[in-house]
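Engineer: Enclosed is the structure file start22.csv (CSV, C-alpha atoms and all ligand atoms).
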chain,number,residue,atom,x,y,z
J,13,MET,CA,-21.3,70.0,-36.2
J,14,THR,CA,-19.2,71.8,-38.8
J,15,THR,CA,-16.6,70.3,-41.1
J,16,PRO,CA,-13.6,72.3,-42.3
J,17,GLN,CA,-14.3,73.3,-45.9
J,18,ASN,CA,-11.2,71.8,-47.4
J,19,ALA,CA,-11.3,68.6,-45.4
J,20,ALA,CA,-12.2,65.5,-47.3
J,21,PRO,CA,-15.0,63.7,-45.6
J,22,ASN,CA,-14.2,60.3,-44.2
J,23,PRO,CA,-15.3,57.8,-46.8
J,24,THR,CA,-17.9,55.3,-45.8
J,25,ARG,CA,-17.0,53.0,-48.6
J,26,LEU,CA,-13.8,51.7,-50.1
J,27,PRO,CA,-12.6,53.5,-53.2
J,28,GLU,CA,-14.8,52.4,-56.2
J,29,GLY,CA,-13.4,51.0,-59.3
J,30,LYS,CA,-10.0,50.3,-57.8
J,31,MET,CA,-8.4,47.1,-56.7
J,32,PRO,CA,-6.3,47.1,-53.5
J,33,GLU,CA,-2.7,45.8,-53.9
J,34,LEU,CA,-3.0,44.1,-50.5
J,35,ARG,CA,-5.6,43.2,-47.9
J,36,VAL,CA,-4.5,42.1,-44.5
J,37,MET,CA,-5.8,41.9,-40.9
J,38,PRO,CA,-3.5,42.7,-38.0
J,39,ALA,CA,-3.3,40.1,-35.2
J,40,PRO,CA,-2.7,40.6,-31.5
J,41,ALA,CA,1.1,40.1,-32.0
J,42,ASP,CA,1.1,43.2,-34.2
J,43,ALA,CA,-0.4,45.5,-31.5
J,44,ASN,CA,0.5,47.0,-28.1
J,45,VAL,CA,-1.3,46.0,-24.9
J,46,TYR,CA,-4.1,48.4,-25.7
J,47,GLY,CA,-4.9,46.7,-29.0
J,48,ASP,CA,-3.5,49.6,-31.1
J,49,VAL,CA,-1.5,48.3,-34.1
J,50,PHE,CA,2.2,49.3,-34.2
J,51,GLY,CA,3.1,52.0,-36.7
J,52,GLY,CA,6.1,50.0,-37.8
J,53,TRP,CA,3.9,47.1,-38.7
J,54,ILE,CA,1.7,49.3,-40.9
J,55,MET,CA,4.8,50.8,-42.5
J,56,ALA,CA,6.0,47.4,-43.4
J,57,GLN,CA,2.7,46.6,-45.1
J,58,VAL,CA,2.7,49.9,-46.9
J,59,ASP,CA,6.2,49.2,-48.2
J,60,ILE,CA,5.1,45.9,-49.5
J,61,ALA,CA,1.9,47.3,-51.1
J,62,GLY,CA,3.8,50.2,-52.8
J,63,SER,CA,6.5,47.9,-54.1
J,64,LEU,CA,4.0,45.8,-56.1
J,65,PRO,CA,3.1,48.4,-58.8
J,66,ALA,CA,6.7,49.6,-58.7
J,67,THR,CA,8.0,46.1,-59.4
J,68,ARG,CA,5.5,45.7,-62.3
J,69,ARG,CA,6.5,49.0,-63.7
J,70,ALA,CA,10.2,48.3,-63.3
J,71,ASN,CA,9.7,44.8,-64.8
J,72,GLY,CA,11.9,43.4,-62.1
J,73,ARG,CA,13.4,44.0,-58.6
J,74,VAL,CA,13.2,47.4,-56.9
J,75,ALA,CA,14.6,48.7,-53.6
J,76,THR,CA,13.0,51.3,-51.4
J,77,ILE,CA,15.2,54.4,-51.3
J,78,ALA,CA,12.9,56.8,-49.5
J,79,VAL,CA,9.8,57.2,-47.4
J,80,ASN,CA,8.8,60.7,-48.6
J,81,SER,CA,5.8,61.1,-46.3
J,82,PHE,CA,3.8,59.1,-43.9
J,83,LEU,CA,0.6,60.1,-42.1
J,84,PHE,CA,-1.1,57.9,-39.5
J,85,LYS,CA,-4.4,59.7,-39.6
J,86,GLN,CA,-6.5,57.3,-37.6
J,87,PRO,CA,-5.5,54.4,-35.3
J,88,VAL,CA,-5.6,50.8,-36.5
J,89,PHE,CA,-7.0,48.1,-34.3
J,90,VAL,CA,-6.5,44.3,-34.1
J,91,GLY,CA,-9.2,42.8,-36.3
J,92,ASP,CA,-9.5,45.7,-38.7
J,93,LEU,CA,-9.5,44.5,-42.3
J,94,LEU,CA,-7.0,46.8,-44.1
J,95,SER,CA,-7.0,47.5,-47.8
J,96,PHE,CA,-3.9,49.1,-49.3
J,97,TYR,CA,-4.3,51.1,-52.6
J,98,ALA,CA,-1.1,52.0,-54.4
J,99,ASP,CA,-0.7,54.4,-57.4
J,100,ILE,CA,2.4,55.3,-59.3
J,101,VAL,CA,2.7,59.1,-59.3
J,102,ARG,CA,6.1,59.6,-60.9
J,103,VAL,CA,8.5,57.7,-63.0
J,104,GLY,CA,12.1,59.0,-63.2
J,105,ASN,CA,15.2,57.6,-64.8
J,106,THR,CA,15.7,54.8,-62.3
J,107,SER,CA,13.1,55.7,-59.7
J,108,ILE,CA,9.4,55.1,-59.3
J,109,THR,CA,7.3,57.1,-56.7
J,110,VAL,CA,4.1,55.6,-55.3
J,111,ASN,CA,1.3,56.9,-53.2
J,112,VAL,CA,-0.3,54.4,-50.8
J,113,GLU,CA,-3.6,54.9,-49.1
J,114,VAL,CA,-4.9,52.5,-46.4
J,115,TYR,CA,-8.5,52.0,-45.4
J,116,ALA,CA,-9.7,50.0,-42.5
J,117,GLU,CA,-13.0,48.1,-42.4
J,118,ARG,CA,-13.6,48.2,-38.6
J,119,ASN,CA,-16.9,46.5,-38.5
J,120,ARG,CA,-17.4,44.7,-41.7
J,121,LEU,CA,-21.0,43.8,-41.1
J,122,GLN,CA,-21.9,47.5,-40.8
J,123,ALA,CA,-19.6,48.7,-43.6
J,124,ASP,CA,-17.7,51.0,-41.2
J,125,VAL,CA,-14.8,52.2,-43.3
J,126,VAL,CA,-12.1,54.6,-42.2
J,127,LYS,CA,-9.1,56.0,-44.1
J,128,VAL,CA,-6.3,55.4,-41.6
J,129,THR,CA,-3.0,56.0,-43.4
J,130,GLU,CA,-1.5,57.7,-46.4
J,131,ALA,CA,2.1,57.6,-47.5
J,132,GLN,CA,4.4,58.3,-50.4
J,133,LEU,CA,7.5,56.1,-51.1
J,134,THR,CA,10.2,56.0,-53.8
J,135,TYR,CA,11.6,52.8,-55.2
J,136,VAL,CA,14.7,52.4,-57.4
J,137,ALA,CA,14.8,49.8,-60.1
J,138,THR,CA,17.8,47.6,-59.5
J,139,GLY,CA,19.7,44.9,-61.3
J,140,PRO,CA,21.1,41.6,-60.1
J,141,ASP,CA,24.2,43.6,-58.8
J,142,ARG,CA,21.7,45.7,-56.6
J,143,LYS,CA,22.8,48.9,-58.5
J,144,PRO,CA,20.2,51.3,-60.1
J,145,ARG,CA,19.1,50.5,-63.6
J,146,GLN,CA,16.9,52.5,-66.0
J,147,VAL,CA,13.1,52.0,-65.7
J,148,PRO,CA,12.2,50.3,-69.0
J,149,PRO,CA,9.9,52.2,-71.5
J,150,ILE,CA,6.3,51.4,-70.8
J,151,GLU,CA,5.8,50.1,-74.3
J,152,SER,CA,8.2,47.2,-73.5
J,153,LEU,CA,6.1,45.9,-70.6
J,154,ILE,CA,3.8,42.9,-70.7
J,155,HIS,CA,1.9,44.0,-67.5
J,156,ARG,CA,0.8,47.6,-67.5
J,157,ASP,CA,-0.6,49.8,-64.7
O,1,LIG,C1,18.5,51.9,-53.9
O,1,LIG,C2,20.0,52.1,-54.2
O,1,LIG,C3,20.5,50.9,-55.0
O,1,LIG,C4,20.1,53.3,-55.1
O,1,LIG,O1,21.5,53.6,-55.3
O,1,LIG,P1,22.0,55.1,-55.2
O,1,LIG,O2,23.4,55.1,-55.8
O,1,LIG,O3,21.8,55.6,-53.9
O,1,LIG,O4,21.0,55.8,-56.3
O,1,LIG,P2,21.1,57.3,-56.9
O,1,LIG,O5,21.7,58.3,-56.0
O,1,LIG,O6,21.7,57.1,-58.3
O,1,LIG,O7,19.5,57.6,-57.0
O,1,LIG,C5,18.7,56.7,-57.7
O,1,LIG,C6,17.3,57.3,-57.8
O,1,LIG,O8,16.8,57.5,-56.5
O,1,LIG,C7,16.4,58.9,-56.4
O,1,LIG,N1,16.6,59.3,-55.0
O,1,LIG,C8,17.8,59.4,-54.4
O,1,LIG,N2,17.6,59.9,-53.2
O,1,LIG,C9,16.3,60.1,-53.0
O,1,LIG,C10,15.5,60.6,-51.9
O,1,LIG,N3,16.0,61.0,-50.8
O,1,LIG,N4,14.2,60.7,-52.1
O,1,LIG,C11,13.6,60.3,-53.3
O,1,LIG,N5,14.3,59.8,-54.4
O,1,LIG,C12,15.7,59.8,-54.2
O,1,LIG,C13,17.3,59.7,-57.4
O,1,LIG,O9,16.7,60.9,-57.7
O,1,LIG,C14,17.4,58.7,-58.5
O,1,LIG,O10,16.2,58.8,-59.3
O,1,LIG,P3,16.2,59.0,-60.9
O,1,LIG,O11,17.2,58.1,-61.5
O,1,LIG,O12,14.8,58.6,-61.3
O,1,LIG,O13,16.5,60.4,-61.1
O,1,LIG,C15,20.8,52.2,-52.9
O,1,LIG,O14,20.6,53.5,-52.4
O,1,LIG,C16,20.5,51.2,-51.9
O,1,LIG,O15,20.9,50.0,-52.1
O,1,LIG,N6,19.8,51.5,-50.8
O,1,LIG,C17,19.3,50.6,-49.8
O,1,LIG,C18,17.9,50.0,-50.2
O,1,LIG,C19,17.3,49.2,-49.2
O,1,LIG,O16,17.9,48.3,-48.6
O,1,LIG,N7,16.0,49.5,-48.9
O,1,LIG,C20,15.3,48.8,-47.9
O,1,LIG,C21,15.2,49.6,-46.6
O,1,LIG,S1,16.5,49.4,-45.6
As structure tokens, what does this structure read like?

Structural biologist:
Amino acid sequence: MTTPQNAAPNPTRLPEGKMPELRVMPAPADANVYGDVFGGWIMAQVDIAGSLPATRRANGRVATIAVNSFLFKQPVFVGDLLSFYADIVRVGNTSITVNVEVYAERNRLQADVVKVTEAQLTYVATGPDRKPRQVPPIESLIHRD
């Protein structure tokens, strides 16, 4: 069997040296009658995972302004253990853009790992008035990514 030259091989392990922002297992209520997990449920988890580094970088509340891209590359099934990895890829004046990658451990005893989803979202740092505020300089932060 041939593999396209520029196609990344499916990983057989979770990314090394990185901590997932979120790990969660979908339940039957999160899936259709065939056991496939709803895309909207995955999007909600991706939004939560992406907001975590954005909130740390913003040193306060953020609001999701855009889902720039979203790819459901492989299906997710009830019982998959999902790991969400989130990396800040751009910091603007008030905005923070985050890439999120999701891996499923389908059969945890056999280390069967599949990359199922990748997405990019943009968050805006907001104040108590819910209006945009400037992202603080990184030197001023206690928690750093
Ligand atoms: C987030 C919110 C406070 C921003 O206010 P706004 O007046 O629309 O913001 P601005 O037009 O000044 O843009 C703010 C930043 O977002 C960026 N932005 C705007 N539209 C964007 C888009 N389509 N994609 C990516 N970034 C975008 C701007 O470039 C700007 O970034 P910068 O300051 O780093 O240059 C407001 O849009 C809002 O409350 N939205 C609803 C948020 C929400 O409820 N999200 C949950 C999902 S329903």

Engineer: Please extract the residues at most 9 Å from ligand LIG 1 (chain O), counting all atoms listed in the file, and provide them as a PyMOL selection string, using the chain letters and residue numbers of this document.

Structural biologist: chain J and resi 74-80+102-109+133-139+142-147

Engineer: One decimal, in Å: what's the spacing between CA of Val49 in chain J and CA of Ser63 in chain J?

Structural biologist: 21.5 Å

Engineer: Have a look at J:Ile150, J:Tyr115, J:Ala123, J:Gly91 and name the one nearest to Ala39 in chain J; count only C-alpha atoms.

Structural biologist: J:Gly91

Engineer: What gap, in Å, lies between CA of Ala56 in chain J and CA of Leu153 in chain J?

Structural biologist: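 Between CA of Ala56 in chain J and CA of Leu153 in chain J the gap works out to 27.2 Å.
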
Engineer: Which distance in Å separates CA of Arg35 in chain J and CA of Arg73 in chain J, to one decimal?

Structural biologist: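 About the pair CA of Arg35 in chain J and CA of Arg73 in chain J: they are 21.8 Å apart.
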
Engineer: Write out as a PyMOL selection string each polymer residue whose atoms come within 10 Å of Leu34 in chain J, counting only C-alpha atoms; drop sequence neighbours fewer than 2 positions from it.

Structural biologist: chain J and resi 31-32+36+57-58+60-62+64+94-98+114

Engineer: Counting all atoms listed in the file, which of J:Asp59, J:Glu130, J:Glu117, J:Gln122 gets nearest to Met37 in chain J?

Structural biologist: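 Among the listed residues, the smallest separation from Met37 in chain J belongs to J:Glu117.
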
Engineer: Give the answer as one residue: which of J:Val126, J:Ile154, J:Val110, J:Ala131 has the shortest atom-to-atom distance to Thr24 in chain J, using only C-alpha atoms?

Structural biologist: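 Of all the options, J:Val126 lies closest to Thr24 in chain J.
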
Engineer: With a distance cut-off of 9 Å and only C-alpha atoms, select the neighbouring residues of Ala43 in chain J, excluding the residue or stretch itself and same-chain residues fewer than 3 positions from it, and output the selection as an MDAnalysis selection string.

Structural biologist: chainID J and resid 38:40 46:50 53 88:90

Engineer: Of the candidates J:Met55, J:Ile100, J:Phe82, J:Lys30, which shows the shortest atom-to-atom distance to Arg68 in chain J, using all atoms listed in the file?

Structural biologist: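 Nearest candidate to Arg68 in chain J out of J:Met55, J:Ile100, J:Phe82, J:Lys30: J:Ile100.
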
Engineer: Just checking: using only C-alpha atoms, which residue out of J:Pro140, J:Pro87, J:Pro149, J:Pro65 ends up closest to Glu33 in chain J?

Structural biologist: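 Nearest candidate to Glu33 in chain J out of J:Pro140, J:Pro87, J:Pro149, J:Pro65: J:Pro65.
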
Engineer: Pick the closest to Val128 in chain J from J:Glu151, J:Asp141, J:Glu113, J:Asp42: which is it, counting all atoms listed in the file?

Structural biologist: J:Glu113
